[in-house]
file target37.cif (mmCIF, C-alpha atoms and all ligand atoms)
data_structure
loop_
_atom_site.group_PDB
_atom_site.id
_atom_site.type_symbol
_atom_site.label_atom_id
_atom_site.label_comp_id
_atom_site.auth_asym_id
_atom_site.auth_seq_id
_atom_site.Cartn_x
_atom_site.Cartn_y
_atom_site.Cartn_z
ATOM 1 C CA MET V 267 0.000 0.000 0.000
ATOM 2 C CA ASN V 268 1.237 3.506 -0.847
ATOM 3 C CA LYS V 269 2.153 5.767 2.057
ATOM 4 C CA THR V 270 -0.398 8.571 2.471
ATOM 5 C CA LYS V 271 0.787 11.802 0.839
ATOM 6 C CA VAL V 272 -1.572 14.726 1.212
ATOM 7 C CA LEU V 273 -2.117 17.921 -0.762
ATOM 8 C CA VAL V 274 -4.118 20.697 0.938
ATOM 9 C CA ILE V 275 -5.310 23.290 -1.588
ATOM 10 C CA GLY V 276 -6.309 26.591 -0.002
ATOM 11 C CA ALA V 277 -3.981 25.909 2.936
ATOM 12 C CA CYS V 278 -3.731 29.572 3.990
ATOM 13 C CA GLY V 279 -7.470 30.045 4.469
ATOM 14 C CA GLN V 280 -9.652 29.795 7.566
ATOM 15 C CA ILE V 281 -10.046 25.996 7.425
ATOM 16 C CA GLY V 282 -6.755 25.362 5.612
ATOM 17 C CA VAL V 283 -4.416 26.704 8.293
ATOM 18 C CA GLU V 284 -5.872 24.435 10.985
ATOM 19 C CA LEU V 285 -6.557 21.401 8.812
ATOM 20 C CA THR V 286 -3.004 21.425 7.423
ATOM 21 C CA GLU V 287 -1.617 21.391 10.952
ATOM 22 C CA ALA V 288 -3.972 18.575 12.004
ATOM 23 C CA LEU V 289 -3.047 16.495 8.956
ATOM 24 C CA ARG V 290 0.656 17.038 9.651
ATOM 25 C CA GLN V 291 0.150 15.754 13.179
ATOM 26 C CA LYS V 292 -1.687 12.742 11.816
ATOM 27 C CA TYR V 293 0.476 11.786 8.846
ATOM 28 C CA GLY V 294 3.813 13.467 9.607
ATOM 29 C CA ARG V 295 5.281 16.868 8.755
ATOM 30 C CA TYR V 296 6.692 15.861 5.415
ATOM 31 C CA GLN V 297 3.691 13.876 4.205
ATOM 32 C CA VAL V 298 1.523 16.985 3.798
ATOM 33 C CA ILE V 299 2.045 19.646 1.131
ATOM 34 C CA ALA V 300 0.334 22.987 1.737
ATOM 35 C CA ALA V 301 -0.735 24.780 -1.438
ATOM 36 C CA ASP V 302 -2.360 28.161 -1.887
ATOM 37 C CA ILE V 303 -2.542 30.939 -4.448
ATOM 38 C CA ARG V 304 -0.864 33.209 -1.872
ATOM 39 C CA GLU V 305 2.886 33.575 -1.386
ATOM 40 C CA LYS V 306 4.528 31.341 1.175
ATOM 41 C CA ASN V 307 5.179 34.056 3.764
ATOM 42 C CA LYS V 308 1.439 34.243 4.452
ATOM 43 C CA ALA V 309 1.329 30.537 5.222
ATOM 44 C CA GLY V 310 2.732 30.640 8.752
ATOM 45 C CA ASP V 311 5.007 27.747 9.526
ATOM 46 C CA HIS V 312 3.970 25.457 6.680
ATOM 47 C CA TYR V 313 6.848 23.073 5.987
ATOM 48 C CA LEU V 314 6.226 21.983 2.418
ATOM 49 C CA TYR V 315 4.588 24.792 0.503
ATOM 50 C CA VAL V 316 3.673 25.227 -3.149
ATOM 51 C CA LYS V 317 2.151 28.304 -4.741
ATOM 52 C CA LEU V 318 -0.737 26.884 -6.765
ATOM 53 C CA ASP V 319 -3.746 28.229 -8.629
ATOM 54 C CA VAL V 320 -6.250 25.351 -8.584
ATOM 55 C CA THR V 321 -7.658 26.478 -11.943
ATOM 56 C CA ASP V 322 -4.255 25.637 -13.489
ATOM 57 C CA LYS V 323 -5.014 21.986 -14.174
ATOM 58 C CA SER V 324 -1.730 21.020 -15.847
ATOM 59 C CA LYS V 325 0.309 22.326 -12.906
ATOM 60 C CA LEU V 326 -1.996 20.502 -10.498
ATOM 61 C CA LEU V 327 -1.623 17.246 -12.430
ATOM 62 C CA MET V 328 2.170 17.610 -12.637
ATOM 63 C CA LEU V 329 2.445 18.314 -8.912
ATOM 64 C CA CYS V 330 0.261 15.335 -7.977
ATOM 65 C CA ARG V 331 2.243 13.001 -10.228
ATOM 66 C CA GLU V 332 5.672 14.233 -9.102
ATOM 67 C CA GLU V 333 4.764 14.127 -5.415
ATOM 68 C CA ARG V 334 2.710 10.909 -5.671
ATOM 69 C CA ILE V 335 -0.205 12.546 -3.882
ATOM 70 C CA THR V 336 -2.744 10.042 -2.513
ATOM 71 C CA GLN V 337 -5.273 12.452 -0.906
ATOM 72 C CA ILE V 338 -6.424 15.964 -1.788
ATOM 73 C CA TYR V 339 -8.269 18.363 0.524
ATOM 74 C CA LEU V 340 -9.710 21.115 -1.677
ATOM 75 C CA LEU V 341 -10.516 24.214 0.392
ATOM 76 C CA ALA V 342 -9.928 27.003 -2.133
ATOM 77 C CA ALA V 343 -13.240 28.740 -2.858
ATOM 78 C CA MET V 344 -14.946 32.097 -2.980
ATOM 79 C CA LEU V 345 -17.539 32.368 -0.176
ATOM 80 C CA SER V 346 -21.128 33.590 -0.301
ATOM 81 C CA ALA V 347 -20.723 37.364 0.129
ATOM 82 C CA SER V 348 -17.601 37.760 -2.064
ATOM 83 C CA GLY V 349 -19.216 35.487 -4.631
ATOM 84 C CA GLU V 350 -22.181 37.869 -5.016
ATOM 85 C CA ARG V 351 -19.743 40.697 -5.793
ATOM 86 C CA ASP V 352 -18.217 38.709 -8.680
ATOM 87 C CA PRO V 353 -20.505 35.792 -9.611
ATOM 88 C CA ALA V 354 -18.576 34.803 -12.762
ATOM 89 C CA LEU V 355 -15.271 34.577 -10.898
ATOM 90 C CA ALA V 356 -16.871 32.688 -7.999
ATOM 91 C CA TRP V 357 -18.353 30.168 -10.402
ATOM 92 C CA GLN V 358 -15.055 29.759 -12.249
ATOM 93 C CA LEU V 359 -12.935 29.290 -9.124
ATOM 94 C CA ASN V 360 -15.402 27.074 -7.268
ATOM 95 C CA MET V 361 -16.424 24.849 -10.187
ATOM 96 C CA ASP V 362 -13.222 24.674 -12.250
ATOM 97 C CA GLY V 363 -11.272 24.086 -9.057
ATOM 98 C CA LEU V 364 -13.447 21.139 -8.053
ATOM 99 C CA LEU V 365 -13.628 19.628 -11.545
ATOM 100 C CA ASN V 366 -9.839 19.877 -11.905
ATOM 101 C CA VAL V 367 -9.310 18.162 -8.568
ATOM 102 C CA LEU V 368 -11.827 15.381 -9.287
ATOM 103 C CA ASP V 369 -10.325 14.713 -12.700
ATOM 104 C CA VAL V 370 -6.710 14.771 -11.497
ATOM 105 C CA ALA V 371 -7.577 12.565 -8.511
ATOM 106 C CA GLU V 372 -9.223 10.068 -10.831
ATOM 107 C CA LYS V 373 -6.304 10.125 -13.302
ATOM 108 C CA CYS V 374 -3.767 9.644 -10.486
ATOM 109 C CA GLU V 375 -5.907 6.906 -8.899
ATOM 110 C CA MET V 376 -5.920 8.683 -5.561
ATOM 111 C CA ASP V 377 -7.230 7.031 -2.404
ATOM 112 C CA LYS V 378 -9.495 9.863 -1.230
ATOM 113 C CA VAL V 379 -10.597 13.444 -1.817
ATOM 114 C CA PHE V 380 -12.191 15.862 0.681
ATOM 115 C CA TRP V 381 -14.234 18.851 -0.449
ATOM 116 C CA PRO V 382 -16.403 21.051 1.808
ATOM 117 C CA SER V 383 -19.951 21.921 0.845
ATOM 118 C CA SER V 384 -22.071 24.344 2.847
ATOM 119 C CA ILE V 385 -25.444 25.167 4.377
ATOM 120 C CA ALA V 386 -25.603 27.588 1.412
ATOM 121 C CA VAL V 387 -26.931 24.701 -0.726
ATOM 122 C CA PHE V 388 -30.269 25.274 1.010
ATOM 123 C CA GLY V 389 -32.641 28.035 -0.038
ATOM 124 C CA LEU V 390 -36.063 29.309 0.995
ATOM 125 C CA ASP V 391 -37.750 26.163 -0.316
ATOM 126 C CA ALA V 392 -35.995 24.001 2.316
ATOM 127 C CA PRO V 393 -37.494 23.665 5.825
ATOM 128 C CA ALA V 394 -35.715 26.258 7.995
ATOM 129 C CA GLN V 395 -35.794 24.234 11.228
ATOM 130 C CA HIS V 396 -33.737 21.063 11.477
ATOM 131 C CA THR V 397 -33.194 21.116 7.723
ATOM 132 C CA PRO V 398 -33.025 17.466 6.699
ATOM 133 C CA GLN V 399 -30.370 15.659 4.683
ATOM 134 C CA ALA V 400 -32.066 16.228 1.324
ATOM 135 C CA ASN V 401 -30.555 17.057 -2.021
ATOM 136 C CA ALA V 402 -33.104 19.161 -3.850
ATOM 137 C CA SER V 403 -33.140 22.836 -2.877
ATOM 138 C CA ILE V 404 -32.794 26.144 -4.705
ATOM 139 C CA PRO V 405 -29.722 28.041 -3.461
ATOM 140 C CA SER V 406 -29.880 31.840 -3.283
ATOM 141 C CA THR V 407 -26.219 32.604 -4.046
ATOM 142 C CA VAL V 408 -23.686 31.709 -6.730
ATOM 143 C CA TYR V 409 -21.635 30.176 -3.924
ATOM 144 C CA GLY V 410 -24.622 27.986 -3.001
ATOM 145 C CA ILE V 411 -25.227 27.017 -6.627
ATOM 146 C CA SER V 412 -21.554 26.049 -6.981
ATOM 147 C CA LYS V 413 -21.729 23.947 -3.797
ATOM 148 C CA ALA V 414 -24.998 22.239 -4.817
ATOM 149 C CA SER V 415 -23.619 21.477 -8.303
ATOM 150 C CA GLY V 416 -20.320 20.387 -6.798
ATOM 151 C CA GLU V 417 -22.111 17.877 -4.588
ATOM 152 C CA TYR V 418 -23.628 16.245 -7.672
ATOM 153 C CA TRP V 419 -20.197 16.141 -9.354
ATOM 154 C CA CYS V 420 -18.750 14.395 -6.292
ATOM 155 C CA HIS V 421 -21.564 11.876 -6.407
ATOM 156 C CA TYR V 422 -20.995 11.386 -10.150
ATOM 157 C CA TYR V 423 -17.250 10.725 -9.772
ATOM 158 C CA PHE V 424 -17.958 8.269 -6.977
ATOM 159 C CA GLU V 425 -20.585 6.368 -8.988
ATOM 160 C CA LYS V 426 -18.856 6.497 -12.375
ATOM 161 C CA TYR V 427 -15.172 6.170 -11.475
ATOM 162 C CA GLY V 428 -15.275 4.833 -7.938
ATOM 163 C CA LEU V 429 -13.394 7.922 -6.706
ATOM 164 C CA ASP V 430 -13.684 8.007 -2.904
ATOM 165 C CA VAL V 431 -14.664 11.652 -2.554
ATOM 166 C CA ARG V 432 -16.178 12.715 0.780
ATOM 167 C CA SER V 433 -17.880 15.935 1.764
ATOM 168 C CA LEU V 434 -19.487 17.895 4.633
ATOM 169 C CA ARG V 435 -21.980 20.754 4.515
ATOM 170 C CA PHE V 436 -20.277 23.154 6.902
ATOM 171 C CA PRO V 437 -22.280 25.705 8.873
ATOM 172 C CA GLY V 438 -20.635 29.065 9.652
ATOM 173 C CA LEU V 439 -17.188 28.338 11.093
ATOM 174 C CA ILE V 440 -15.796 30.228 14.079
ATOM 175 C CA SER V 441 -12.046 30.281 14.708
ATOM 176 C CA TYR V 442 -9.271 32.410 16.169
ATOM 177 C CA LYS V 443 -6.185 31.168 14.297
ATOM 178 C CA SER V 444 -7.087 32.453 10.869
ATOM 179 C CA PRO V 445 -9.871 34.838 9.808
ATOM 180 C CA PRO V 446 -12.706 33.888 7.455
ATOM 181 C CA GLY V 447 -12.924 35.772 4.188
ATOM 182 C CA GLY V 448 -16.053 36.925 2.455
ATOM 183 C CA GLY V 449 -18.779 34.858 4.105
ATOM 184 C CA THR V 450 -22.221 35.758 5.444
ATOM 185 C CA THR V 451 -21.438 34.091 8.769
ATOM 186 C CA ASP V 452 -18.178 36.078 9.252
ATOM 187 C CA TYR V 453 -19.855 38.384 11.775
ATOM 188 C CA ALA V 454 -19.616 35.581 14.343
ATOM 189 C CA VAL V 455 -15.806 35.853 14.161
ATOM 190 C CA ASP V 456 -15.468 39.630 13.659
ATOM 191 C CA ILE V 457 -17.570 40.254 16.765
ATOM 192 C CA PHE V 458 -14.897 38.695 19.028
ATOM 193 C CA HIS V 459 -12.067 40.806 17.617
ATOM 194 C CA LYS V 460 -14.073 44.035 17.936
ATOM 195 C CA ALA V 461 -15.391 43.103 21.399
ATOM 196 C CA LEU V 462 -11.847 42.708 22.694
ATOM 197 C CA ALA V 463 -10.378 45.706 20.845
ATOM 198 C CA ASP V 464 -13.198 48.276 21.174
ATOM 199 C CA GLY V 465 -15.826 46.818 23.512
ATOM 200 C CA ARG V 466 -18.439 47.240 20.770
ATOM 201 C CA TYR V 467 -19.458 45.764 17.421
ATOM 202 C CA LEU V 468 -21.595 46.925 14.521
ATOM 203 C CA CYS V 469 -23.247 43.773 13.156
ATOM 204 C CA PHE V 470 -24.140 43.460 9.467
ATOM 205 C CA LEU V 471 -27.003 41.064 10.262
ATOM 206 C CA LYS V 472 -30.085 42.129 12.211
ATOM 207 C CA PRO V 473 -31.286 40.726 15.542
ATOM 208 C CA GLY V 474 -33.237 37.497 15.203
ATOM 209 C CA THR V 475 -31.081 36.132 12.361
ATOM 210 C CA MET V 476 -30.646 32.541 13.461
ATOM 211 C CA LEU V 477 -27.868 30.614 11.675
ATOM 212 C CA PRO V 478 -26.163 27.251 12.172
ATOM 213 C CA MET V 479 -22.560 27.599 13.395
ATOM 214 C CA MET V 480 -19.642 25.418 14.458
ATOM 215 C CA TYR V 481 -16.386 25.965 16.344
ATOM 216 C CA MET V 482 -13.296 25.102 14.303
ATOM 217 C CA PRO V 483 -11.976 22.270 16.537
ATOM 218 C CA ASP V 484 -15.259 20.421 15.883
ATOM 219 C CA ALA V 485 -15.013 21.123 12.141
ATOM 220 C CA ILE V 486 -11.449 19.801 11.887
ATOM 221 C CA ARG V 487 -12.341 16.702 13.884
ATOM 222 C CA ALA V 488 -15.361 16.149 11.618
ATOM 223 C CA VAL V 489 -13.117 16.150 8.534
ATOM 224 C CA LEU V 490 -10.639 13.714 10.099
ATOM 225 C CA GLU V 491 -13.395 11.385 11.331
ATOM 226 C CA LEU V 492 -15.235 11.405 8.018
ATOM 227 C CA MET V 493 -12.000 10.664 6.135
ATOM 228 C CA ASP V 494 -11.205 7.781 8.519
ATOM 229 C CA ALA V 495 -14.667 6.200 8.275
ATOM 230 C CA PRO V 496 -14.905 2.898 6.391
ATOM 231 C CA ALA V 497 -16.072 3.637 2.828
ATOM 232 C CA GLU V 498 -18.920 1.132 3.024
ATOM 233 C CA LYS V 499 -20.489 3.028 5.959
ATOM 234 C CA LEU V 500 -20.895 6.221 3.958
ATOM 235 C CA ARG V 501 -24.348 6.247 2.393
ATOM 236 C CA VAL V 502 -24.215 9.930 1.454
ATOM 237 C CA ARG V 503 -21.951 10.637 -1.501
ATOM 238 C CA THR V 504 -23.164 14.146 -2.162
ATOM 239 C CA SER V 505 -22.387 15.853 1.167
ATOM 240 C CA TYR V 506 -23.309 15.232 4.814
ATOM 241 C CA ASN V 507 -25.356 17.685 6.872
ATOM 242 C CA LEU V 508 -23.344 18.672 9.942
ATOM 243 C CA SER V 509 -24.575 20.453 13.052
ATOM 244 C CA ALA V 510 -23.213 21.870 16.304
ATOM 245 C CA MET V 511 -25.105 25.010 17.471
ATOM 246 C CA SER V 512 -27.422 27.752 16.210
ATOM 247 C CA PHE V 513 -27.712 31.311 17.521
ATOM 248 C CA THR V 514 -28.709 34.864 16.635
ATOM 249 C CA PRO V 515 -26.353 37.886 16.859
ATOM 250 C CA GLU V 516 -28.013 39.107 20.086
ATOM 251 C CA VAL V 517 -27.628 35.713 21.770
ATOM 252 C CA LEU V 518 -23.942 35.603 20.817
ATOM 253 C CA GLY V 519 -23.567 39.219 21.974
ATOM 254 C CA ALA V 520 -25.174 38.396 25.343
ATOM 255 C CA GLU V 521 -22.807 35.467 25.851
ATOM 256 C CA ILE V 522 -19.782 37.646 25.032
ATOM 257 C CA GLY V 523 -21.224 40.263 27.399
ATOM 258 C CA LYS V 524 -20.941 37.773 30.267
ATOM 259 C CA HIS V 525 -17.155 38.010 29.861
ATOM 260 C CA ILE V 526 -16.816 41.626 28.678
ATOM 261 C CA GLY V 527 -19.203 43.517 30.931
ATOM 262 C CA ASP V 528 -19.834 46.714 28.952
ATOM 263 C CA PHE V 529 -19.875 45.071 25.500
ATOM 264 C CA LYS V 530 -22.212 46.957 23.173
ATOM 265 C CA LEU V 531 -23.788 45.453 20.057
ATOM 266 C CA ASP V 532 -25.356 47.612 17.342
ATOM 267 C CA TYR V 533 -26.834 46.636 13.994
ATOM 268 C CA LEU V 534 -26.477 47.904 10.449
ATOM 269 C CA PRO V 535 -27.737 45.142 8.147
ATOM 270 C CA ASP V 536 -26.367 45.109 4.590
ATOM 271 C CA PHE V 537 -26.796 42.841 1.527
ATOM 272 C CA ARG V 538 -25.659 39.837 3.556
ATOM 273 C CA GLN V 539 -28.958 39.956 5.445
ATOM 274 C CA GLN V 540 -30.815 38.808 2.297
ATOM 275 C CA ILE V 541 -28.444 35.857 1.982
ATOM 276 C CA ALA V 542 -28.764 34.883 5.654
ATOM 277 C CA ASP V 543 -32.570 35.064 5.412
ATOM 278 C CA THR V 544 -32.561 32.217 2.862
ATOM 279 C CA TRP V 545 -30.363 29.883 4.928
ATOM 280 C CA PRO V 546 -31.560 27.336 7.515
ATOM 281 C CA ASP V 547 -31.909 28.199 11.214
ATOM 282 C CA SER V 548 -30.748 24.753 12.248
ATOM 283 C CA ILE V 549 -29.558 21.525 10.631
ATOM 284 C CA ASP V 550 -30.502 17.891 11.124
ATOM 285 C CA ASP V 551 -27.299 15.815 10.971
ATOM 286 C CA TYR V 552 -28.895 12.445 11.731
ATOM 287 C CA ASP V 553 -27.146 10.685 8.828
ATOM 288 C CA ALA V 554 -23.678 11.840 9.895
ATOM 289 C CA ARG V 555 -24.373 10.634 13.440
ATOM 290 C CA VAL V 556 -25.601 7.247 12.252
ATOM 291 C CA ASP V 557 -23.090 6.587 9.450
ATOM 292 C CA TRP V 558 -19.825 7.699 11.077
ATOM 293 C CA ALA V 559 -20.789 8.496 14.670
ATOM 294 C CA TRP V 560 -20.557 12.286 14.380
ATOM 295 C CA GLN V 561 -21.023 14.203 17.629
ATOM 296 C CA SER V 562 -20.231 17.887 18.184
ATOM 297 C CA ARG V 563 -18.450 18.921 21.403
ATOM 298 C CA PHE V 564 -18.597 22.712 21.510
ATOM 299 C CA GLY V 565 -21.807 24.573 22.306
ATOM 300 C CA LEU V 566 -22.184 28.360 22.477
ATOM 301 C CA LYS V 567 -20.846 28.800 26.034
ATOM 302 C CA GLU V 568 -17.748 26.638 25.521
ATOM 303 C CA MET V 569 -17.002 28.239 22.160
ATOM 304 C CA VAL V 570 -17.282 31.818 23.461
ATOM 305 C CA ARG V 571 -15.079 31.084 26.465
ATOM 306 C CA ASP V 572 -12.425 29.388 24.345
ATOM 307 C CA MET V 573 -12.448 32.104 21.647
ATOM 308 C CA LEU V 574 -12.027 34.907 24.197
ATOM 309 C CA GLU V 575 -9.285 33.076 26.106
ATOM 310 C CA ASN V 576 -7.292 32.341 22.972
ATOM 311 C CA LEU V 577 -7.699 35.754 21.375
ATOM 312 C CA THR V 578 -6.725 37.440 24.650
ATOM 313 C CA ARG V 579 -3.641 35.210 24.913
ATOM 314 C CA MET V 580 -2.683 35.924 21.301
ATOM 315 C CA THR V 581 -3.102 39.689 21.783
ATOM 316 C CA SER V 582 -0.913 39.720 24.889
ATOM 317 C CA LEU V 583 1.720 37.605 23.123
ATOM 318 C CA SER V 584 1.813 39.970 20.167
ATOM 319 C CA LYS V 585 2.189 42.959 22.540
ATOM 320 C CA ALA V 586 4.935 41.292 24.601
HETATM 321 N N1 LIG J 601 -19.513 30.462 6.020
HETATM 322 C C1 LIG J 601 -19.976 30.415 4.661
HETATM 323 C C2 LIG J 601 -20.411 31.734 4.198
HETATM 324 O O1 LIG J 601 -20.880 32.498 5.004
HETATM 325 C C3 LIG J 601 -21.100 29.435 4.524
HETATM 326 O O2 LIG J 601 -20.614 28.211 4.163
HETATM 327 O O3 LIG J 601 -20.343 32.019 3.039
#
call {"tool": "encode", "arguments": {"input": "target37.cif", "output": "structure tokens", "more": "lines below"}}
Ligand code: SER
result
Amino acid sequence: MNKTKVLVIGACGQIGVELTEALRQKYGRYQVIAADIREKNKAGDHYLYVKLDVTDKSKLLMLCREERITQIYLLAAMLSASGERDPALAWQLNMDGLLNVLDVAEKCEMDKVFWPSSIAVFGLDAPAQHTPQANASIPSTVYGISKASGEYWCHYYFEKYGLDVRSLRFPGLISYKSPPGGGTTDYAVDIFHKALADGRYLCFLKPGTMLPMMYMPDAIRAVLELMDAPAEKLRVRTSYNLSAMSFTPEVLGAEIGKHIGDFKLDYLPDFRQQIADTWPDSIDDYDARVDWAWQSRFGLKEMVRDMLENLTRMTSLSKA
């Protein structure tokens, strides 16, 4: 059996920074190549680093052949809010990137591929509460359309070529190591930075906007557990619903306020409100729990405490 050799594409992004580190711990420092369109100096302490544009298929194929890559984690994508600013570019990056990876993985006879989908595949036609693991919905954003289409492509490559591609529909992800970029759920990260720096935050979503969210340690563990699950257990080959917590801006603000007494939250909704209004309030992840024993660990209280502790520690380290 070939030794696992991993390529993480989009390694400098919000998920990429933490997933690359987790994969290095799992497979060894030199078994994981970090790739991103950005220059290496933005990539922190990544050991093996390649500057790569995922839409450059010949370079991707060459790299995978030369390095004998056995698993790809494709994280490079344009998120929901940025995607609405440039729909054509979002479609090109999100779809060409995925199709290139699926095709190269199939050509190189790779063991496995991971690709994240999103709650953005669901639109107003889906039930908002405990949205079930269903495929048919009408997404409201180009990002959502690219994720919904991508899920069908993953399913197609699995059925037609036997490519073991696995996927999760991530809710909004909250993390302190690396910022999100261009999403509708980004407020739930920005709010922590502003709360600590200024004691106040101007939220771009209005009170009452309930969205599904997850703390990054849960998200990384979900990827690792899904990728370790026996292939025959996985009945969903589009993308698994995944759930941890749901909250509104005012509920998050109140929880932060328990730690930062005079924290003040104001609201100035913008175009992201229309996107959020079409997304589910909460997600039913029954299939993930049954098929590969998924269980989230962080709720709102634990997440808020951990975020504030870590961001405070990082701020004092950077000042020292
Ligand atoms: N966090 C993403 C976004 O807001 C959703 O997957 O675009």
call {"tool": "residues_near_ligand", "arguments": {"input": "target37.cif", "ligand": "ligand LIG 601 (chain J)", "cutoff": "8 Å", "atoms": "all atoms listed in the file", "output": "short mmCIF file (atom, residue, chain, number, x, y, z; two decimals) with C-alpha atoms, in the coordinates of the input"}}
result
data_model
loop_
_atom_site.label_atom_id
_atom_site.label_comp_id
_atom_site.auth_asym_id
_atom_site.auth_seq_id
_atom_site.Cartn_x
_atom_site.Cartn_y
_atom_site.Cartn_z
CA LEU V 345 -17.54 32.37 -0.18
CA SER V 346 -21.13 33.59 -0.30
CA ALA V 347 -20.72 37.36 0.13
CA SER V 383 -19.95 21.92 0.84
CA SER V 384 -22.07 24.34 2.85
CA ILE V 385 -25.44 25.17 4.38
CA ALA V 386 -25.60 27.59 1.41
CA TYR V 409 -21.64 30.18 -3.92
CA ARG V 435 -21.98 20.75 4.51
CA PHE V 436 -20.28 23.15 6.90
CA PRO V 437 -22.28 25.70 8.87
CA GLY V 438 -20.64 29.06 9.65
CA LEU V 439 -17.19 28.34 11.09
CA PRO V 446 -12.71 33.89 7.46
CA GLY V 448 -16.05 36.92 2.46
CA GLY V 449 -18.78 34.86 4.11
CA THR V 450 -22.22 35.76 5.44
CA THR V 451 -21.44 34.09 8.77
CA ASP V 452 -18.18 36.08 9.25
#
call {"tool": "resolve_selection", "arguments": {"input": "target37.cif", "expression": "the PyMOL selection byres (((chain V and resi 398) around 9) and not hetatm)", "output": "PyMOL selection string"}}
result
chain V and resi 392-393+395-397+399-400+507+549-552
call {"tool": "write_last_selection", "arguments": {"input": "target37.cif", "atoms": "C-alpha atoms", "output": "mmCIF file, in the frame of the given file"}}
result
data_model
loop_
_atom_site.group_PDB
_atom_site.id
_atom_site.type_symbol
_atom_site.label_atom_id
_atom_site.label_comp_id
_atom_site.auth_asym_id
_atom_site.auth_seq_id
_atom_site.Cartn_x
_atom_site.Cartn_y
_atom_site.Cartn_z
ATOM 1 C CA ALA V 392 -35.995 24.001 2.316
ATOM 2 C CA PRO V 393 -37.494 23.665 5.825
ATOM 3 C CA GLN V 395 -35.794 24.234 11.228
ATOM 4 C CA HIS V 396 -33.737 21.063 11.477
ATOM 5 C CA THR V 397 -33.194 21.116 7.723
ATOM 6 C CA GLN V 399 -30.370 15.659 4.683
ATOM 7 C CA ALA V 400 -32.066 16.228 1.324
ATOM 8 C CA ASN V 507 -25.356 17.685 6.872
ATOM 9 C CA ILE V 549 -29.558 21.525 10.631
ATOM 10 C CA ASP V 550 -30.502 17.891 11.124
ATOM 11 C CA ASP V 551 -27.299 15.815 10.971
ATOM 12 C CA TYR V 552 -28.895 12.445 11.731
#
call {"tool": "residues_around", "arguments": {"input": "target37.cif", "residues": "Asp322 (chain V)", "least_positions_apart": "4", "cutoff": "9 Å", "atoms": "all atoms listed in the file", "output": "MDAnalysis selection string"}}
result
chainID V and resid 318 326:327 363 366
call {"tool": "atom_distance", "arguments": {"input": "target37.cif", "atom1": "CA of Asp362 (chain V)", "atom2": "CA of Val502 (chain V)"}}
result
22.9 Å
call {"tool": "atom_distance", "arguments": {"input": "target37.cif", "atom1": "CA of Ile275 (chain V)", "atom2": "CA of Ile299 (chain V)"}}
result
8.6 Å
call {"tool": "atom_distance", "arguments": {"input": "target37.cif", "atom1": "CA of Pro382 (chain V)", "atom2": "CA of Asn576 (chain V)"}}
result
25.7 Å
call {"tool": "resolve_selection", "arguments": {"input": "target37.cif", "expression": "the PyMOL selection byres (((chain V and resi 295) around 12) and not hetatm)", "output": "PyMOL selection string"}}
result
chain V and resi 270-272+286-294+296-300+311-315
call {"tool": "residues_around", "arguments": {"input": "target37.cif", "residues": "Leu492 (chain V)", "least_positions_apart": "6", "cutoff": "9 Å", "atoms": "only C-alpha atoms", "output": "list in words"}}
result
Arg432, Ser433, Leu434, Leu500, Ala554, Trp558 and Trp560 of chain V
call {"tool": "write_last_selection", "arguments": {"input": "target37.cif", "atoms": "C-alpha atoms", "output": "short mmCIF file (atom, residue, chain, number, x, y, z; two decimals), in the coordinates of the input"}}
result
data_model
loop_
_atom_site.label_atom_id
_atom_site.label_comp_id
_atom_site.auth_asym_id
_atom_site.auth_seq_id
_atom_site.Cartn_x
_atom_site.Cartn_y
_atom_site.Cartn_z
CA ARG V 432 -16.18 12.72 0.78
CA SER V 433 -17.88 15.94 1.76
CA LEU V 434 -19.49 17.90 4.63
CA LEU V 500 -20.90 6.22 3.96
CA ALA V 554 -23.68 11.84 9.90
CA TRP V 558 -19.82 7.70 11.08
CA TRP V 560 -20.56 12.29 14.38
#
call {"tool": "residues_around", "arguments": {"input": "target37.cif", "residues": "Trp357 (chain V)", "least_positions_apart": "2", "cutoff": "10 Å", "atoms": "only C-alpha atoms", "output": "PDB file with C-alpha atoms, in the frame of the given file"}}
result
ATOM      1  CA  ALA V 343     -13.240  28.740  -2.858  1.00  0.00           C
ATOM      2  CA  MET V 344     -14.946  32.097  -2.980  1.00  0.00           C
ATOM      3  CA  GLY V 349     -19.216  35.487  -4.631  1.00  0.00           C
ATOM      4  CA  ASP V 352     -18.217  38.709  -8.680  1.00  0.00           C
ATOM      5  CA  PRO V 353     -20.505  35.792  -9.611  1.00  0.00           C
ATOM      6  CA  ALA V 354     -18.576  34.803 -12.762  1.00  0.00           C
ATOM      7  CA  LEU V 355     -15.271  34.577 -10.898  1.00  0.00           C
ATOM      8  CA  LEU V 359     -12.935  29.290  -9.124  1.00  0.00           C
ATOM      9  CA  ASN V 360     -15.402  27.074  -7.268  1.00  0.00           C
ATOM     10  CA  MET V 361     -16.424  24.849 -10.187  1.00  0.00           C
ATOM     11  CA  ASP V 362     -13.222  24.674 -12.250  1.00  0.00           C
ATOM     12  CA  GLY V 363     -11.272  24.086  -9.057  1.00  0.00           C
ATOM     13  CA  VAL V 408     -23.686  31.709  -6.730  1.00  0.00           C
ATOM     14  CA  TYR V 409     -21.635  30.176  -3.924  1.00  0.00           C
ATOM     15  CA  GLY V 410     -24.622  27.986  -3.001  1.00  0.00           C
ATOM     16  CA  ILE V 411     -25.227  27.017  -6.627  1.00  0.00           C
ATOM     17  CA  SER V 412     -21.554  26.049  -6.981  1.00  0.00           C
ATOM     18  CA  LYS V 413     -21.729  23.947  -3.797  1.00  0.00           C
TER      19      LYS V 413
END
call {"tool": "resolve_selection", "arguments": {"input": "target37.cif", "expression": "the PyMOL selection byres (((chain V and resi 532) around 10) and not hetatm)", "output": "list in words"}}
result
Arg466, Tyr467, Leu468, Cys469, Phe470, Leu471, Lys472, Pro473, Pro515, Glu516, Gly519, Lys530, Leu531, Tyr533, Leu534 and Pro535 of chain V
